[in-house]
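Participant: Sharing model-v7.txt (compact mmCIF, C-alpha atoms) below.
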```txt
# COMPACT_ATOMS: atom_id res chain seq x y z
CA GLN H 194 0.00 0.00 0.00
CA ALA H 195 2.81 2.44 0.82
CA MET H 196 4.33 1.84 -2.60
CA ASN H 197 0.95 2.40 -4.28
CA SER H 198 0.46 5.67 -2.46
CA ARG H 199 4.05 6.91 -2.92
CA TYR H 200 4.55 6.20 -6.64
CA ASN H 201 2.03 7.19 -9.24
CA ASN H 202 2.41 4.51 -11.88
CA ARG H 203 2.67 0.75 -11.92
CA GLU H 204 5.70 0.69 -14.24
CA GLN H 205 7.69 2.69 -11.70
CA ILE H 206 6.68 0.29 -8.92
CA GLN H 207 7.66 -2.69 -11.09
CA ARG H 208 11.08 -1.17 -11.88
CA ILE H 209 11.79 -0.43 -8.22
CA ALA H 210 10.84 -3.97 -7.17
CA GLN H 211 12.92 -5.56 -9.96
CA ASN H 212 15.90 -3.38 -9.04
CA THR H 213 15.51 -4.48 -5.41
CA LEU H 214 15.81 -8.11 -6.55
CA ARG H 215 18.90 -7.24 -8.60
CA GLU H 216 20.51 -5.64 -5.55
CA LEU H 217 20.20 -8.88 -3.58
CA PHE H 218 22.94 -10.40 -5.75
CA PRO H 219 26.45 -9.41 -6.77
CA SER H 220 26.12 -7.43 -10.02
CA TRP H 221 27.94 -10.08 -12.07
CA LEU H 222 25.86 -13.06 -10.88
CA PRO H 223 22.55 -12.86 -12.79
CA GLY H 224 24.16 -12.47 -16.23
CA GLN H 225 26.70 -15.19 -15.53
CA TYR H 226 23.98 -17.45 -14.17
CA ALA H 227 22.15 -17.19 -17.48
CA ILE H 228 25.33 -18.11 -19.39
CA LEU H 229 26.51 -20.89 -17.07
CA PHE H 230 23.21 -22.50 -16.01
CA SER H 231 19.92 -21.23 -17.47
CA ARG H 232 20.77 -21.57 -21.14
CA PRO H 233 22.84 -24.80 -21.17
CA PHE H 234 20.94 -26.57 -18.33
CA PRO H 235 17.36 -25.23 -18.21
CA GLU H 236 15.81 -28.14 -16.27
CA PHE H 237 18.62 -28.25 -13.72
CA SER H 238 18.47 -24.46 -13.41
CA ALA H 239 14.69 -24.56 -12.83
CA ARG H 240 15.07 -27.18 -10.08
CA MET H 241 17.97 -25.33 -8.48
CA ASN H 242 15.98 -22.07 -8.41
CA ALA H 243 12.92 -23.77 -6.93
CA TRP H 244 15.06 -25.09 -4.07
CA ALA H 245 17.02 -21.84 -3.67
CA THR H 246 13.81 -19.80 -3.60
CA ARG H 247 12.40 -22.12 -0.95
CA MET H 248 15.52 -21.78 1.18
CA GLY H 249 16.00 -18.05 0.65
CA GLY H 250 12.45 -16.79 0.37
CA THR H 251 10.55 -18.49 3.18
CA TRP H 252 11.30 -15.62 5.56
CA LEU H 253 9.51 -13.20 3.21
CA MET H 254 6.76 -15.29 1.66
CA GLY H 255 5.93 -17.85 4.33
CA GLU H 256 5.96 -21.63 4.29
CA CYS H 257 6.90 -23.07 0.90
CA GLU H 258 7.24 -26.50 -0.65
CA VAL H 259 8.99 -27.58 -3.81
CA ASN H 260 6.63 -29.35 -6.21
CA ASP H 261 6.36 -30.62 -9.76
CA VAL H 262 5.37 -28.51 -12.78
CA GLU H 263 3.54 -29.54 -15.93
CA ILE H 264 4.87 -28.03 -19.15
CA ASP H 265 3.16 -28.91 -22.43
CA GLY H 266 1.69 -32.09 -20.96
CA LYS H 267 4.95 -33.33 -19.44
CA VAL H 268 5.60 -33.28 -15.69
CA TYR H 269 8.95 -31.90 -14.56
CA LYS H 270 10.06 -32.94 -11.09
CA ASP H 271 10.85 -30.23 -8.53
CA GLN H 272 10.63 -27.28 -10.93
CA GLY H 273 7.87 -25.57 -8.97
CA LEU H 274 7.46 -23.89 -5.64
CA LEU H 275 4.16 -23.53 -3.83
CA VAL H 276 3.97 -20.69 -1.35
CA LYS H 277 1.29 -22.06 0.96
CA ARG H 278 0.10 -18.71 2.30
CA CYS H 279 1.96 -15.71 0.91
CA ARG H 280 2.66 -13.18 3.64
CA PHE H 281 3.21 -10.48 1.04
CA LEU H 282 -0.29 -10.92 -0.43
CA GLU H 283 -1.97 -11.58 2.89
CA GLU H 284 -0.47 -8.56 4.65
CA SER H 285 -0.96 -6.14 1.75
CA GLY H 286 -4.52 -7.30 1.11
CA CYS H 287 -4.14 -5.78 -2.35
CA ALA H 288 -4.11 -7.56 -5.71
CA SER H 289 -2.28 -4.60 -7.24
CA VAL H 290 0.59 -4.86 -4.76
CA CYS H 291 0.80 -8.59 -5.49
CA VAL H 292 0.89 -8.11 -9.28
CA ASN H 293 2.92 -4.89 -9.55
CA ALA H 294 5.37 -5.20 -6.65
CA CYS H 295 5.89 -8.97 -6.70
CA LYS H 296 4.56 -11.08 -9.60
CA ILE H 297 5.60 -8.98 -12.61
CA PRO H 298 8.97 -7.76 -11.29
CA THR H 299 9.93 -11.23 -10.03
CA GLN H 300 9.01 -12.87 -13.33
CA ASN H 301 10.89 -10.15 -15.22
CA PHE H 302 13.95 -10.54 -12.98
CA PHE H 303 14.17 -14.28 -13.63
CA ILE H 304 13.44 -13.95 -17.37
CA GLU H 305 15.51 -10.84 -18.16
CA ASP H 306 18.33 -11.05 -15.62
CA MET H 307 18.71 -14.74 -14.81
CA GLY H 308 17.71 -16.09 -18.24
CA LEU H 309 15.17 -18.45 -16.67
CA PRO H 310 11.47 -18.41 -17.54
CA LEU H 311 9.16 -18.12 -14.53
CA THR H 312 5.40 -17.95 -14.21
CA MET H 313 3.88 -16.99 -10.88
CA THR H 314 0.21 -17.80 -10.31
CA PRO H 315 -1.28 -16.18 -7.20
CA ASP H 316 -4.55 -17.45 -5.74
CA TYR H 317 -6.30 -14.46 -4.18
CA GLU H 318 -8.76 -16.64 -2.23
CA THR H 319 -6.27 -18.94 -0.48
CA HIS H 320 -3.21 -16.61 -0.64
CA GLU H 321 -1.22 -19.43 -2.24
CA CYS H 322 1.20 -18.65 -5.05
CA GLN H 323 2.58 -21.21 -7.48
CA PHE H 324 6.02 -20.49 -8.93
CA SER H 325 6.61 -22.49 -12.13
CA PHE H 326 10.27 -22.28 -13.11
CA GLY H 327 10.98 -23.03 -16.76
CA VAL H 328 7.51 -21.81 -17.83
CA MET H 329 7.08 -18.55 -19.75
CA PRO H 330 4.07 -16.48 -18.67
CA ASN H 331 1.26 -16.68 -21.21
CA ALA H 332 -0.81 -13.71 -22.32
CA THR H 333 -4.14 -15.09 -21.08
CA GLU H 334 -2.94 -15.78 -17.54
CA GLU H 335 -1.16 -12.41 -17.38
CA PHE H 336 -4.33 -10.67 -18.58
CA ASP H 337 -6.36 -12.46 -15.90
CA ALA H 338 -3.88 -11.51 -13.17
CA LYS H 339 -3.88 -7.85 -14.23
CA ASN H 340 -7.68 -7.81 -14.54
CA THR H 341 -8.28 -9.06 -10.99
CA PRO H 342 -10.97 -7.11 -9.14
CA CYS H 343 -10.06 -5.30 -5.94
CA LEU H 344 -9.94 -7.67 -3.02
CA SER H 345 -12.56 -7.13 -0.35
CA ARG H 346 -9.78 -6.39 2.17
CA CYS H 347 -7.98 -3.87 -0.06
CA PRO H 348 -6.72 -1.22 2.35
CA THR H 349 -7.17 1.62 -0.14
CA ALA H 350 -10.75 0.61 -0.99
CA GLY H 351 -10.26 2.43 -4.27
CA SER H 352 -9.43 5.75 -2.61
CA LEU H 353 -6.17 6.27 -4.51
CA ARG H 354 -7.40 5.19 -7.95
CA LYS H 355 -7.41 8.49 -9.86
CA TRP H 356 -4.25 9.71 -8.14
CA HIS H 357 -2.40 6.48 -8.93
CA ASP H 358 -3.57 6.51 -12.55
CA GLY H 359 -2.16 10.02 -12.92
CA GLY H 360 -5.60 11.64 -12.91
CA SER H 361 -6.24 14.77 -10.88
CA GLY H 362 -3.17 14.34 -8.70
CA LYS H 363 -5.40 14.34 -5.64
CA ARG H 364 -6.64 11.40 -3.69
CA SER H 365 -10.20 10.70 -4.69
CA GLU H 366 -13.02 9.22 -2.72
CA GLY H 367 -14.42 5.92 -3.85
CA THR H 368 -15.05 2.31 -3.06
CA SER H 369 -13.83 -0.92 -4.50
CA MET H 370 -17.32 -2.00 -5.41
CA GLY H 371 -19.11 -1.18 -8.65
CA ASN H 372 -22.79 -1.41 -9.49
CA LYS H 373 -24.86 -4.02 -7.68
CA GLY H 374 -21.96 -4.88 -5.37
CA GLU H 375 -19.80 -6.34 -8.12
CA SER H 376 -16.07 -5.75 -7.82
CA GLU H 377 -14.47 -3.51 -10.39
CA ALA H 378 -11.07 -4.27 -11.86
CA CYS H 379 -8.38 -2.84 -9.65
CA GLN H 380 -7.34 0.50 -11.09
CA TYR H 381 -3.72 -0.05 -10.06
CA MET H 382 -3.46 -2.76 -12.69
CA ASP H 383 -2.54 -2.37 -16.35
CA GLU H 384 -5.31 -0.99 -18.48
CA VAL H 385 -7.08 -3.72 -20.39
```
What's the structure tokens form of this structure?

Facilitator:
Amino acid sequence: QAMNSRYNNREQIQRIAQNTLRELFPSWLPGQYAILFSRPFPEFSARMNAWATRMGGTWLMGECEVNDVEIDGKVYKDQGLLVKRCRFLEESGCASVCVNACKIPTQNFFIEDMGLPLTMTPDYETHECQFSFGVMPNATEEFDAKNTPCLSRCPTAGSLRKWHDGGSGKRSEGTSMGNKGESEACQYMDEV
């Protein structure tokens, strides 16, 4: 929520989050990782990252377990990571924070910097998130993630929508519910 209220566009939030991931590693490591592991050994690299993410990310995300991933009808052992109840999503209570400060920048970091495809699939009901290493995000799933309605617990309840979208520059009043109690798409997401 603090990021959403401090920065006025989702691309800026995504860049900041991706740069934060980059700063966790020595500057030479991601590029070399792509050359030494991701490109020549994609399956091994996917398994290694699933295990490394479990070991290094549990403190941030919560309890995780390494699992199998299906790619084009074939099951790949230990190339996935299931975050059983993502602290990041649960504490933020905001689908926009999940997508713009975690999902998109993390996927971009692995794809662009580490040379390893990654698809993250958050479940906004259970707060689970499935990491699928070795799987490129597809347009339909990305569209669905970005078109997620505001969560009922969203702490902004739509109050920062126009400001965040670069509208009037002032915080506007509003709710996260549209006509007849139906949720509107979160305005912090990409326009569809």

Participant: Suppose you want the space between CA of Lys270 in chain H and CA of Met241 in chain H; what is it in Å?

Facilitator: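 Pair CA of Lys270 in chain H / CA of Met241 in chain H returns 11.3 Å.
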
Participant: Give me, as a tab-separated table (two decimals) with C-alpha atoms, in the coordinates of the input, all polymer residues having an atom no more than 12 Å from Ile304 in chain H, counting all atoms listed in the file and skipping those fewer than 5 positions away in the same chain.

Facilitator:
```
chain	number	residue	atom	x	y	z
H	211	GLN	CA	12.92	-5.56	-9.96
H	223	PRO	CA	22.55	-12.86	-12.79
H	224	GLY	CA	24.16	-12.47	-16.23
H	226	TYR	CA	23.98	-17.45	-14.17
H	227	ALA	CA	22.15	-17.19	-17.48
H	231	SER	CA	19.92	-21.23	-17.47
H	232	ARG	CA	20.77	-21.57	-21.14
H	235	PRO	CA	17.36	-25.23	-18.21
H	239	ALA	CA	14.69	-24.56	-12.83
H	297	ILE	CA	5.60	-8.98	-12.61
H	298	PRO	CA	8.97	-7.76	-11.29
H	299	THR	CA	9.93	-11.23	-10.03
H	309	LEU	CA	15.17	-18.45	-16.67
H	310	PRO	CA	11.47	-18.41	-17.54
H	311	LEU	CA	9.16	-18.12	-14.53
H	312	THR	CA	5.40	-17.95	-14.21
H	313	MET	CA	3.88	-16.99	-10.88
H	326	PHE	CA	10.27	-22.28	-13.11
H	327	GLY	CA	10.98	-23.03	-16.76
H	328	VAL	CA	7.51	-21.81	-17.83
H	329	MET	CA	7.08	-18.55	-19.75
H	330	PRO	CA	4.07	-16.48	-18.67
```

Participant: What does the structure give for the distance between CA of Ala288 in chain H and CA of Asn260 in chain H, in Å to one decimal?

Facilitator: 24.3 Å

Participant: Find, counting only C-alpha atoms, the residue in H:Leu274, H:Ile206, H:Met307, H:Cys291 that gets nearest to Leu229 in chain H.

Facilitator: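 Going through H:Leu274, H:Ile206, H:Met307, H:Cys291 one by one, the smallest distance to Leu229 in chain H is for H:Met307.
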
Participant: What is the distance between CA of Leu275 in chain H and CA of Gln225 in chain H, in Å to one decimal?

Facilitator: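 Between CA of Leu275 in chain H and CA of Gln225 in chain H the gap is 26.7 Å.
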
Participant: Could you pull the residues within 9 Å of Asp261 in chain H, counting only C-alpha atoms, minus those fewer than 3 positions along the same chain, as a list in words?

Facilitator: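 After dropping sequence-adjacent residues, the list is Val268, Tyr269, Lys270, Asp271, Gln272, Gly273, Leu274 and Ser325 of chain H.
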